[in-house]
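As stored in model_6.cif (mmCIF, C-alpha atoms and all ligand atoms):
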```cif
data_query
loop_
_atom_site.label_atom_id
_atom_site.label_comp_id
_atom_site.auth_asym_id
_atom_site.auth_seq_id
_atom_site.Cartn_x
_atom_site.Cartn_y
_atom_site.Cartn_z
CA MET A 40 106.85 116.97 73.51
CA ASN A 41 108.77 117.37 76.77
CA LEU A 42 110.81 114.64 78.39
CA GLN A 43 108.21 113.93 81.04
CA SER A 44 105.31 113.26 78.64
CA HIS A 45 107.63 111.41 76.23
CA THR A 46 108.70 109.03 79.04
CA LYS A 47 105.09 108.65 80.17
CA ASN A 48 103.96 107.70 76.66
CA LEU A 49 106.85 105.29 76.28
CA ILE A 50 105.99 103.49 79.50
CA LYS A 51 102.29 103.48 78.58
CA SER A 52 103.03 101.87 75.20
CA ILE A 53 105.00 99.07 76.92
CA PHE A 54 102.12 98.72 79.38
CA PHE A 55 99.51 98.12 76.71
CA LYS A 56 101.72 95.57 74.93
CA SER A 57 102.36 93.57 78.11
CA ASN A 58 100.22 90.56 79.01
CA ASN A 59 102.07 89.78 82.20
CA ALA A 60 100.14 90.93 85.31
CA ILE A 61 103.22 91.66 87.42
CA GLN A 62 104.86 93.58 84.60
CA ARG A 63 101.65 95.56 84.09
CA ARG A 64 101.47 96.37 87.81
CA TYR A 65 105.09 97.49 87.88
CA ILE A 66 104.68 99.57 84.74
CA SER A 67 101.50 101.20 86.00
CA LYS A 68 103.45 102.20 89.12
CA SER A 69 106.12 103.68 86.91
CA ILE A 70 103.43 105.76 85.17
CA ALA A 71 102.30 106.96 88.60
CA LEU A 72 105.89 107.89 89.37
CA CYS A 73 106.03 110.00 86.22
CA LYS A 74 103.02 111.94 87.45
CA THR A 75 104.86 112.97 90.60
CA ILE A 76 107.81 114.68 88.94
CA PRO A 77 108.24 117.95 90.81
CA ASP A 78 107.11 121.02 88.84
CA ASN A 79 110.43 122.72 89.34
CA ALA A 80 112.43 119.83 87.85
CA LYS A 81 114.17 120.89 84.63
CA SER A 82 114.73 118.51 81.69
CA LYS A 83 118.16 117.04 82.56
CA SER A 84 117.56 116.96 86.28
CA SER A 85 114.02 115.61 85.82
CA HIS A 86 115.43 112.81 83.68
CA GLU A 87 117.95 111.97 86.41
CA TRP A 88 115.23 112.27 89.05
CA LEU A 89 112.95 109.91 87.08
CA GLN A 90 115.75 107.38 86.52
CA ARG A 91 116.58 107.43 90.20
CA GLN A 92 112.93 107.04 91.25
CA ILE A 93 112.39 104.12 88.87
CA ASN A 94 115.54 102.31 90.04
CA ASP A 95 115.22 103.14 93.73
CA VAL A 96 114.46 100.03 95.75
CA TYR A 97 112.87 102.07 98.59
CA VAL A 98 110.53 103.85 96.15
CA LYS A 99 109.44 100.42 94.88
CA LYS A 100 109.02 99.10 98.42
CA SER A 101 107.04 102.14 99.55
CA ARG A 102 104.64 101.82 96.62
CA TYR A 103 104.27 98.13 97.34
CA HIS A 104 103.65 98.59 101.09
CA GLY A 105 101.42 101.64 100.64
CA TYR A 106 103.70 104.23 102.25
CA ARG A 107 103.29 107.77 100.98
CA CYS A 108 107.04 108.12 100.39
CA ARG A 109 110.35 106.30 100.75
CA SER A 110 111.22 108.22 103.95
CA ALA A 111 109.17 105.61 105.85
CA TYR A 112 112.11 103.21 105.63
CA LYS A 113 114.44 105.65 107.38
CA LEU A 114 112.19 105.70 110.44
CA LEU A 115 111.47 101.97 110.21
CA GLU A 116 115.19 101.23 110.15
CA ILE A 117 115.92 103.53 113.10
CA ASP A 118 113.03 102.05 115.06
CA GLU A 119 114.09 98.49 114.25
CA LYS A 120 117.50 99.18 115.74
CA TYR A 121 116.60 101.45 118.68
CA ASN A 122 112.96 100.54 119.42
CA ILE A 123 111.75 104.11 119.98
CA LEU A 124 108.07 103.69 119.00
CA LYS A 125 106.05 101.65 121.49
CA THR A 126 102.36 101.04 122.08
CA GLY A 127 100.97 103.46 124.67
CA TYR A 128 103.34 106.23 123.60
CA SER A 129 102.29 109.69 122.44
CA VAL A 130 104.30 110.99 119.50
CA VAL A 131 104.63 114.36 117.78
CA ASP A 132 105.73 114.26 114.13
CA CYS A 133 107.01 117.66 112.93
CA GLY A 134 107.31 118.20 109.18
CA ALA A 135 105.10 115.22 108.50
CA ALA A 136 103.87 115.65 104.90
CA PRO A 137 103.14 113.67 102.85
CA GLY A 138 102.83 111.36 105.86
CA SER A 139 104.96 108.23 105.65
CA TRP A 140 106.52 108.71 109.10
CA THR A 141 103.04 109.21 110.54
CA GLN A 142 101.93 106.00 108.82
CA VAL A 143 104.80 104.17 110.53
CA VAL A 144 103.99 105.80 113.88
CA VAL A 145 100.26 104.94 113.93
CA ASN A 146 101.09 101.40 112.88
CA LYS A 147 103.78 100.89 115.54
CA LEU A 148 101.59 102.48 118.23
CA LYS A 149 98.60 100.48 116.93
CA LEU A 150 96.55 103.68 116.81
CA ASP A 151 95.14 102.66 113.44
CA ARG A 152 93.07 99.88 115.03
CA PRO A 153 90.60 99.93 117.94
CA LEU A 154 91.58 98.73 121.41
CA LYS A 155 90.34 95.23 122.21
CA ASP A 156 87.79 96.51 124.77
CA GLY A 157 86.51 99.16 122.35
CA SER A 158 87.65 102.10 124.51
CA ALA A 159 89.50 105.10 123.09
CA HIS A 160 93.29 105.06 122.93
CA PRO A 161 94.72 107.03 125.85
CA ASN A 162 97.73 108.06 123.75
CA VAL A 163 97.94 110.03 120.49
CA ALA A 164 100.02 110.77 117.41
CA VAL A 165 100.03 114.42 116.30
CA SER A 166 101.44 115.40 112.92
CA VAL A 167 102.18 118.91 111.69
CA ASP A 168 103.19 120.30 108.35
CA LEU A 169 103.21 123.55 106.41
CA GLN A 170 101.76 121.65 103.50
CA ARG A 171 98.31 120.17 103.08
CA MET A 172 98.18 116.62 104.39
CA GLU A 173 95.61 113.96 103.64
CA PRO A 174 94.12 112.32 106.75
CA ILE A 175 95.81 109.27 108.26
CA LYS A 176 93.68 106.93 110.37
CA GLY A 177 94.70 107.14 114.01
CA ALA A 178 96.58 110.45 113.80
CA PHE A 179 95.66 114.06 114.55
CA ILE A 180 96.82 116.06 111.56
CA LEU A 181 97.58 119.77 111.79
CA SER A 182 97.75 120.48 108.10
CA GLU A 183 98.99 123.76 106.61
CA SER A 184 100.41 124.73 110.00
CA ASP A 185 103.77 126.23 110.78
CA PHE A 186 105.32 124.17 113.56
CA THR A 187 107.46 127.10 114.67
CA SER A 188 104.42 129.24 115.47
CA SER A 189 103.40 129.35 119.13
CA LEU A 190 99.74 128.95 118.12
CA THR A 191 100.51 125.60 116.47
CA GLN A 192 102.52 124.42 119.45
CA GLU A 193 99.68 125.36 121.81
CA GLU A 194 97.31 123.37 119.61
CA ILE A 195 99.63 120.33 119.86
CA TRP A 196 99.77 120.59 123.65
CA LYS A 197 95.97 120.68 123.76
CA ILE A 198 95.80 117.41 121.81
CA LEU A 199 98.52 115.60 123.80
CA PRO A 200 97.22 113.90 126.96
CA GLY A 201 98.45 116.14 129.80
CA GLY A 202 100.36 118.13 127.17
CA LYS A 203 103.12 115.51 127.24
CA ALA A 204 104.72 113.18 124.68
CA ASN A 205 107.16 110.28 124.80
CA VAL A 206 108.70 110.99 121.42
CA VAL A 207 109.22 114.13 119.32
CA LEU A 208 110.24 113.54 115.70
CA SER A 209 111.43 116.19 113.28
CA ASP A 210 111.92 115.38 109.61
CA MET A 211 111.33 119.08 108.83
CA ALA A 212 113.30 120.45 105.93
CA PRO A 213 113.26 124.00 104.61
CA LYS A 214 112.76 124.70 100.91
CA ALA A 215 116.23 124.38 99.40
CA THR A 216 117.61 127.71 98.21
CA GLY A 217 120.55 126.13 96.38
CA THR A 218 123.02 127.74 98.79
CA TYR A 219 124.19 124.91 101.00
CA GLU A 220 125.29 126.99 104.01
CA LEU A 221 122.00 128.88 104.02
CA ASP A 222 119.96 125.66 103.82
CA CYS A 223 122.02 124.10 106.63
CA SER A 224 121.45 127.05 108.88
CA SER A 225 117.69 127.02 108.10
CA ILE A 226 117.39 123.35 109.06
CA ILE A 227 119.39 124.00 112.24
CA ASN A 228 116.92 126.77 113.13
CA LEU A 229 114.07 124.33 112.62
CA VAL A 230 115.62 121.62 114.82
CA TYR A 231 116.44 124.14 117.58
CA ASN A 232 112.78 125.09 117.48
CA ALA A 233 111.73 121.43 117.65
CA LEU A 234 114.17 120.83 120.51
CA ARG A 235 112.90 123.82 122.47
CA PHE A 236 109.39 122.40 122.05
CA ALA A 237 110.64 118.93 123.03
CA THR A 238 112.20 120.15 126.27
CA VAL A 239 108.82 121.37 127.52
CA THR A 240 106.85 118.50 126.04
CA LEU A 241 108.82 115.29 126.56
CA LYS A 242 108.27 113.09 129.55
CA LYS A 243 111.30 111.95 131.54
CA ASP A 244 113.38 109.51 129.44
CA GLY A 245 111.65 110.77 126.29
CA VAL A 246 113.15 110.54 122.82
CA PHE A 247 113.99 113.27 120.31
CA LEU A 248 114.85 112.31 116.73
CA CYS A 249 115.63 114.95 114.14
CA LYS A 250 117.03 115.34 110.67
CA VAL A 251 119.91 117.72 109.95
CA TRP A 252 122.20 118.34 107.02
CA ASP A 253 125.80 117.81 107.94
CA SER A 254 127.54 121.11 108.67
CA ARG A 255 129.69 122.79 111.32
CA ASP A 256 126.53 123.87 113.17
CA VAL A 257 125.66 120.23 113.83
CA GLU A 258 128.52 119.88 116.35
CA MET A 259 127.11 122.69 118.48
CA PHE A 260 123.62 121.23 118.27
CA VAL A 261 124.90 117.79 119.34
CA LYS A 262 126.56 119.42 122.38
CA THR A 263 123.21 120.91 123.36
CA LEU A 264 121.56 117.50 122.95
CA ASP A 265 124.30 115.91 125.06
CA SER A 266 123.45 118.22 127.93
CA LEU A 267 119.76 117.32 127.80
CA PHE A 268 119.75 113.57 127.07
CA THR A 269 121.63 110.58 128.43
CA SER A 270 122.50 109.23 124.96
CA VAL A 271 122.95 110.98 121.60
CA LYS A 272 123.73 109.12 118.38
CA ARG A 273 124.32 110.16 114.80
CA VAL A 274 122.39 107.81 112.54
CA LYS A 275 122.57 107.40 108.76
CA PRO A 276 119.95 104.81 107.78
CA LYS A 277 120.56 102.76 104.63
CA ALA A 278 117.40 104.30 103.16
CA SER A 279 119.06 107.74 103.38
CA ARG A 280 120.81 108.28 100.07
CA MET A 281 124.60 108.05 100.32
CA ASP A 282 125.00 111.21 98.25
CA SER A 283 122.73 113.16 100.58
CA ALA A 284 124.17 115.25 103.42
CA GLU A 285 121.22 114.29 105.58
CA LEU A 286 121.76 112.51 108.86
CA PHE A 287 119.61 111.89 111.89
CA LEU A 288 120.36 112.73 115.49
CA LEU A 289 118.78 110.35 117.94
CA ALA A 290 118.67 111.62 121.52
CA ARG A 291 117.31 109.24 124.15
CA GLY A 292 116.76 109.52 127.88
CA TYR A 293 115.50 113.07 128.30
CA LYS A 294 116.79 114.28 131.65
CA CYS A 295 113.64 116.35 132.16
CA ASN A 296 113.31 119.85 133.55
CA LYS A 297 116.35 120.94 131.58
CA PHE A 298 115.51 123.72 129.19
CA ILE A 299 117.23 125.69 126.46
CA LYS A 300 116.60 129.31 125.55
C1 LIG B 401 111.23 115.59 104.05
S1 LIG B 401 109.63 116.22 104.23
C2 LIG B 401 108.97 115.19 105.47
C3 LIG B 401 108.63 113.81 105.01
C4 LIG B 401 107.82 113.05 106.04
N1 LIG B 401 108.62 112.72 107.21
C5 LIG B 401 107.25 111.77 105.50
O1 LIG B 401 107.75 110.72 105.85
O2 LIG B 401 106.28 111.83 104.73
C6 LIG B 401 109.93 117.71 105.08
C7 LIG B 401 108.68 118.47 105.44
O3 LIG B 401 109.00 119.50 106.38
C8 LIG B 401 107.99 120.48 106.25
N2 LIG B 401 108.33 121.71 106.96
C9 LIG B 401 109.37 122.54 106.75
N3 LIG B 401 109.31 123.59 107.58
C10 LIG B 401 108.20 123.41 108.37
C11 LIG B 401 107.59 124.16 109.41
N4 LIG B 401 108.09 125.34 109.82
N5 LIG B 401 106.46 123.69 109.97
C12 LIG B 401 105.91 122.51 109.55
N6 LIG B 401 106.45 121.76 108.55
C13 LIG B 401 107.58 122.21 107.97
C14 LIG B 401 107.89 120.64 104.74
O4 LIG B 401 106.67 121.24 104.39
C15 LIG B 401 108.02 119.19 104.28
O5 LIG B 401 106.77 118.62 104.02
#
```
Could you quickly redo this structure as structure tokens?
Ligand SMILES: C[S@@+](CC[C@H](N)C(=O)[O-])C[C@H]1O[C@@H](n2cnc3c(N)ncnc32)[C@H](O)[C@@H]1O
Amino acid sequence: MNLQSHTKNLIKSIFFKSNNAIQRRYISKSIALCKTIPDNAKSKSSHEWLQRQINDVYVKKSRYHGYRCRSAYKLLEIDEKYNILKTGYSVVDCGAAPGSWTQVVVNKLKLDRPLKDGSAHPNVAVSVDLQRMEPIKGAFILSESDFTSSLTQEEIWKILPGGKANVVLSDMAPKATGTYELDCSSIINLVYNALRFATVTLKKDGVFLCKVWDSRDVEMFVKTLDSLFTSVKRVKPKASRMDSAELFLLARGYKCNKFIK
């Protein structure tokens, strides 16, 4: 029996012995967590992964609040501090699967509920990912779509009212190769692509938020952002694991009509 099924059986046996409703709920969530162990996780690393998932407060919170993954809290924390998601805004979410950022967006923009007078929302949330994404009420989902392809970007512009957005988000991450420098340069390529798209899509004073992995290339990218936006901040939300090289660049106040190649 492998570690994953052994752990699953162990948790299940505790579950069936427990009479306490809260304990049963928690344990049943732990069983669900076991089911989501990535296929490529090997025994030692899958054990560590499982331990971390079970103990992670943001994993517990996301299950409790119905978010598709713990990443939701990174965006929630950034938004709480900088107030970037407002009703009436149109938002593009690049690299959106499984969808927790989109869940936050539709909720903050109130796109998941009808307008009081019953009319259609004039603004939209558009989410794109290479992977298959389940629908999210209030969002346009471009599933199994490569954001970097011009066809996808044209499709996004068609959905956006007037082809314009107030906020472009990128939580895109390439598949890790295991070679840090290579992965860093792949994510930088992705954010340059998102930024190029943002410069022709954002309204004046628009916001661009993207994830990068800390590397020398980030400095250069920040300089480019500085030339396009009035304020650029490096943000490391508490929900972002301390041992992760990930950080977010928040650029506000798009100067408009400034483009990059
Ligand atoms: C960290 S996950 C995003 C999590 C998401 N923000 C959430 O809260 O659910 C990174 C995603 O970027 C996507 N991605 C990477 N390259 C992409 C590309 N070229 N086009 C679209 N999505 C891409 C991956 O498929 C992956 O789902």
Review point. Given a cut-off of 10 Å, what residues near ligand LIG 401 (chain B) show up using all atoms listed in the file, put as an MDAnalysis selection string?
Key: chainID A and resid 106:114 132:143 166:172 181:188 191 208:214 225:226 228:230 232:233 250
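CA of Tyr293 (chain A) is positioned 19.5 Å from CA of Val163 (chain A).
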May I have the centre and edge lengths, in Å to one decimal, of an axis-aligned box around the listed atoms of region 170-176 of chain A with 5 Å added to every side, as AutoDock Vina command-line options?
```
--center_x 97.7 --center_y 114.3 --center_z 106.7 --size_x 18.1 --size_y 24.7 --size_z 17.3
```
Practice item. Do a neighbour search on Thr240 (chain A) at 7 Å with only C-alpha atoms, toss out local chain neighbours closer than 3 positions, and write the hits as a list in words. Key: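 Contacts, in chain order: Gly202, Lys203, Ala204, Phe236 and Ala237 of chain A.
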Exercise for review: Work out how far apart CA of Asp151 (chain A) and CA of Gly127 (chain A) are and give it in Å to one decimal.
Suggested key: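 CA of Gly127 (chain A) lies at a distance of 12.7 Å from CA of Asp151 (chain A).
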Point to revise | From A:Leu199, A:Ile180, A:Cys295, A:Cys249, residue lying nearest Asn162 (chain A) [all atoms listed in the file] | key: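 Among A:Leu199, A:Ile180, A:Cys295, A:Cys249, it is A:Leu199 that comes nearest to Asn162 (chain A).
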Revision key, fill the gap. Pairwise distance, CA of Ser84 (chain A) with CA of Met281 (chain A), equals 18.1 Å
Check your understanding: Which residues, written as a PyMOL selection string, have at least one atom at most 6 Å from Asn205 (chain A), with only C-alpha atoms counted and residues fewer than 2 positions away on the same chain left out?
Key -> chain A and resi 128-129+241-242+245
Practice item. Rank nothing, just name the residue among A:Tyr231, A:Lys277, A:Asn296, A:Pro200 nearest to Asp244 (chain A), using all atoms listed in the file. Key: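 Looking at the shortest contact to Asp244 (chain A), the residue is A:Asn296.
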Review point. Do you know which residues are at most 7 Å from Leu289 (chain A) counting all atoms listed in the file, after dropping those on the same chain fewer than 4 positions away, and could you put them as a PyMOL selection string?
Key: chain A and resi 247-249+271-274
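Among the candidate residues A:Leu190, A:Leu124, A:Val261, A:Val131, the one lying nearest to Lys149 (chain A) is A:Leu124, with distances computed using only C-alpha atoms.
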Practice item. Could you check which of A:Ala178, A:Val206, A:Val130, A:Met259 is closest to Arg291 (chain A), using all atoms listed in the file? Key: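 Smallest distance to Arg291 (chain A) is found for A:Val206.
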**Study point:** Residues near Ser254 (chain A), cut-off 10 Å, all atoms listed in the file, skip fewer than 5 positions along chain, as an NGL selection string
**Key:** :A and (219-220 or 223-224 or 227 or 259 or 284-285)
